[in-house]
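Trainee: Quick one: this structure, given as structure tokens, is what I'll be asking you about.
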4 protein chains.
Amino acid sequence: MPVLKPDQFPFRTELAVRDYECDMEGIVNNAVYQNYLEHARHLYLRSRGVDFASLIREGVHLVVVRAELDYLSPLRSGDGFLVGVRVERLTKLRGVFHQAVFRKPEFVPVLRSQIVGASLNAEGRPAPCSALDEIFPDSQFGHGV
Amino acid sequence: MPVLKPDQFPFRTELAVRDYECDMEGIVNNAVYQNYLEHARHLYLRSRGVDFASLIREGVHLVVVRAELDYLSPLRSGDGFLVGVRVERLTKLRGVFHQAVFRKPEFVPVLRSQIVGASLNAEGRPAPCSALDEIFPDSQFGHGV
Amino acid sequence: MPVLKPDQFPFRTELAVRDYECDMEGIVNNAVYQNYLEHARHLYLRSRGVDFASLIREGVHLVVVRAELDYLSPLRSGDGFLVGVRVERLTKLRGVFHQAVFRKPEFVPVLRSQIVGASLNAEGRPAPCSALDEIFPDSQFGHGV
Amino acid sequence: MPVLKPDQFPFRTELAVRDYECDMEGIVNNAVYQNYLEHARHLYLRSRGVDFASLIREGVHLVVVRAELDYLSPLRSGDGFLVGVRVERLTKLRGVFHQAVFRKPEFVPVLRSQIVGASLNAEGRPAPCSALDEIFPDSQFGHGV
């Protein structure tokens with residue numbers, strides 16, 4: 001597997017650890033990384049002209065159907081970090097967000113993840129939505145669901 | 001893949017959704033499931049005589065190195081649910097928690113996950129610890145890390 | 001001020017600390033108590049036949065306008081605790097939840113709080129709602145807002 | 001009471017709402033504001049040369065003993081905001097953080113709060129610590145606890 005580097009992720013955002021995100025071990029709690037990843041995805045969406053709150057009001061639900069996270073190194077109080085996002089269309093109804101977290105200033109890999117998203121209609125059934133084309137532009141993809 | 005059922009998980013705990021865990025979509029936020037899973041694991045640990053807070057004070061760190069989560073169905077405000085835990089020793093230094101969430105009262109599968117844990121010493125290096133033998137009793141495992 | 005005791009709170013619910021709620025100091029983070037208090041209030045509401053999620057769908061918003069919290073003693077990993085609720089109607093549009101947290105098994109006072117709630121309509125303006133009469137039954141109150 | 005304005009707070013930090021901080025009502029959950037306030041206080045501490053994580057390792061515990069929060073207006077998905085901090089020494093062992101949240105870009109007041117902090121030693125007893133002099137510089141204060 002190639003070395004994980006920030007420039008493999010076209011969309012990047014910078015954040016800093018907040019102390020309440022650290023647990024008894026003095027490190028950022030595992031669940032909090034999913035918060036960071038979601039926040040970075042939503043910022044990416046907004047950069048593509050897609051507003052998550054507006055989508056919900058329109059009855060479109062972009063949901064996470066699968067998450068894989070590899071914890072490589074901990075973040076601690078005072079750490080600044082970068083979250084990277086790279087998208088890949090999987091099918092007409094699904095795409096994957098490749099995401100990673102890097103600790104500043106040396107950009108040490110902290111977390112690698114793949115988050116699979118799908119679009120559902122108001123009834124909770126898989127349904128195509130134009131937002132997916134905005135989120136996963138120019139992507140090649142195969143068939144199936 | 002066999003149908004997911006509560007009785008496949010020897011350790012089970014019951015919880016209920018708290019409204020602050022629900023997000024703008026009116027469903028439990030993705031990251032919160034990692035909170036539920038961690039809480040269930042720590043209750044399982046305690047049932048095996050292993051106290052997470054005590055371990056930290058002794059310089060033993062049980063950390064999550066990988067998490068896989070499949071989101072099958074959402075939890076909503078008012079839902080009661082069950083979290084199941086089944087353990088499997090992978091190596092001398094690693095084990096996996098097979099975990100699932102079921103919505104009451106019909107025990108509809110909500111989430112399936114595999115959480116891989118490892119033990120580190122105070123310097124952050126992989127190191128065996130007796131707690132692993134308590135957590136993963138009578139497990140068969142191979143070699144390597 | 002009289003000694004704080006559980007029997008001063010007609011509605012009570014029992015919870016247990018979850019380890020992810022503890023911060024670097026090994027104690028439950030200050031903000032988390034507001035989560036506990038909200039959860040206990042919503043359970044109290046449900047016990048009065050008022051469902052918070054349903055209210056939102058009907059366009060009624062019960063909001064917190066003021067919170068006062070006195071932190072008396074910390075909760076730690078492994079602690080069980082009780083959250084008590086006592087209600088008092090203040091005006092036609094406002095009521096106060098007197099709430100306290102007690103650590104088990106001796107019911108040591110952990111937190112004392114007063115949470116003032118108000119009802120708003122869908123436009124965010126103060127507006128009476130029948131739910132307030134359910135939540136604050138038989139209460140005496142004066143006039144004004 | 002004078003109108004609340006950002007320039008009444010000498011220390012200010014800018015943040016943005018993260019979608020997972022919003023609840024079913026589509027607004028930032030009440031408890032989350034305490035997270036924002038804590039984060040701003042810890043940044044203020046760091047600006048004064050006081051590192052919260054280091055203090056804990058030295059056995060000094062700066063704890064919140066009382067919080068008062070007035071919720072004036074909600075924050076929503078996409079909002080940027082400013083958190084202001086102004087300190088006041090109360091006694092040798094206590095100080096208060098006057099804090100407010102303003103929604104950008106018009107700096108609409110969102111929250112006003114007073115957070116009373118105290119210093120405890122490793123045994124949990126009130127004890128003076130030099131960090132308090134750094135955090136509350138040049139403050140006048142009276143006597144008592």
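If you're wondering about the labels, chains in the structure tokens are A, B, ... by order shown, residues count from 1 in each chain, ligands from 1 in order shown.
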May I have a table of the residues of range 15-83 of chain B lying at most 7 Å from range 99-105 of chain B, giving each one's closest pair of atoms and their distance in Å to one decimal, counting only C-alpha atoms, ordered by chain and ascending residue number, as CSV?
Mentor:
```
residue,atom,partner,partner_atom,distance
B:Asp79,CA,B:Arg103,CA,6.9
B:Gly80,CA,B:Lys104,CA,5.4
B:Phe81,CA,B:Arg103,CA,4.4
B:Leu82,CA,B:Phe102,CA,5.2
B:Val83,CA,B:Val101,CA,4.6
```
Trainee: With a distance cut-off of 9 Å and only C-alpha atoms, select the neighbouring residues of Gly95 in chain C, excluding the residue or stretch itself and same-chain residues fewer than 6 positions from it, and output the selection as an NGL selection string.
Mentor: :C and (87-89 or 115-118 or 132 or 135-136)
Trainee: Hey, can you spit out that residue selection with C-alpha atoms as a tab-separated table (two decimals), in the first residue's frame?
Mentor:
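out_18.tsv, written as the output of this step:
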```
chain	number	residue	atom	x	y	z
C	87	VAL	CA	-41.36	21.07	37.48
C	88	GLU	CA	-42.69	24.52	38.23
C	89	ARG	CA	-44.81	26.70	35.95
C	115	ILE	CA	-33.47	24.77	33.38
C	116	VAL	CA	-35.99	27.32	32.12
C	117	GLY	CA	-38.02	26.23	29.11
C	118	ALA	CA	-40.34	28.18	26.84
C	132	LEU	CA	-47.02	23.08	28.47
C	135	ILE	CA	-45.70	19.18	31.31
C	136	PHE	CA	-46.47	21.58	34.16
```
Trainee: Within 10 Å of chain A, which residues of chain C are there when counting only C-alpha atoms? Please give them as number ranges by chain.
Mentor: C: 19-32, 76-77
Trainee: Restricting it to C-alpha atoms, dump the selection as a PDB file, in the first residue's frame.
Mentor:
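Resulting contents of out_15.pdb:
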```pdb
ATOM      1  CA  ASP C  19     -16.531   5.926  29.527  1.00  0.00           C
ATOM      2  CA  TYR C  20     -16.577   8.116  26.401  1.00  0.00           C
ATOM      3  CA  GLU C  21     -18.340  10.769  28.505  1.00  0.00           C
ATOM      4  CA  CYS C  22     -15.228  11.142  30.663  1.00  0.00           C
ATOM      5  CA  ASP C  23     -12.540  13.592  29.637  1.00  0.00           C
ATOM      6  CA  MET C  24      -8.779  13.830  30.144  1.00  0.00           C
ATOM      7  CA  GLU C  25      -9.323  14.433  33.853  1.00  0.00           C
ATOM      8  CA  GLY C  26     -11.010  11.049  34.178  1.00  0.00           C
ATOM      9  CA  ILE C  27     -14.299  12.680  35.154  1.00  0.00           C
ATOM     10  CA  VAL C  28     -17.530  13.269  33.267  1.00  0.00           C
ATOM     11  CA  ASN C  29     -17.119  16.410  31.150  1.00  0.00           C
ATOM     12  CA  ASN C  30     -19.165  19.439  32.230  1.00  0.00           C
ATOM     13  CA  ALA C  31     -21.163  19.601  29.010  1.00  0.00           C
ATOM     14  CA  VAL C  32     -22.279  15.989  29.324  1.00  0.00           C
ATOM     15  CA  ARG C  76     -16.367   9.004  37.214  1.00  0.00           C
ATOM     16  CA  SER C  77     -16.082   5.874  35.120  1.00  0.00           C
TER      17      SER C  77
END
```
Trainee: What's the 10 Å shell around Ile56 in chain A, counting only C-alpha atoms, without same-chain residues fewer than 3 positions away, as a list in words?
Mentor: Asp51, Phe52, Ala53, Gly59, Val60, His61, Leu62, Asn121 and Ala122 of chain A; Met24 and Glu25 of chain B
Trainee: Considering only C-alpha atoms, return as a PyMOL selection string whatever protein or nucleic-acid residues lie within 9 Å of Tyr36 in chain B, sequence-local ones (same chain, fewer than 2 positions apart) excluded.
Mentor: (chain B and resi 15+32-34+38-41+83+101) or (chain C and resi 18)
Trainee: Can I get the selected residues back with C-alpha atoms, as a PDB file, in the first residue's frame?
Mentor:
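The resulting file, out.pdb, is shown below:
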```pdb
ATOM      1  CA  LEU B  15     -29.928   0.809  25.858  1.00  0.00           C
ATOM      2  CA  VAL B  32     -22.899   7.783  17.965  1.00  0.00           C
ATOM      3  CA  TYR B  33     -22.972   4.067  17.145  1.00  0.00           C
ATOM      4  CA  GLN B  34     -19.267   3.926  17.957  1.00  0.00           C
ATOM      5  CA  GLU B  38     -17.555   1.220  23.038  1.00  0.00           C
ATOM      6  CA  HIS B  39     -19.938   1.346  25.987  1.00  0.00           C
ATOM      7  CA  ALA B  40     -21.041  -2.243  25.330  1.00  0.00           C
ATOM      8  CA  ARG B  41     -17.416  -3.393  25.008  1.00  0.00           C
ATOM      9  CA  VAL B  83     -26.012  -4.215  21.618  1.00  0.00           C
ATOM     10  CA  VAL B 101     -27.158  -3.437  17.260  1.00  0.00           C
TER      11      VAL B 101
ATOM     12  CA  ARG C  18     -20.312   5.749  29.809  1.00  0.00           C
TER      13      ARG C  18
END
```
Trainee: Check the smallest atom-to-atom distance from each of C:Leu43, C:Leu93, C:Val85, C:Val110 to Arg125 in chain C using only C-alpha atoms, then report the winner.
Mentor: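 Using only C-alpha atoms, the shortest distance to Arg125 in chain C belongs to C:Leu93.
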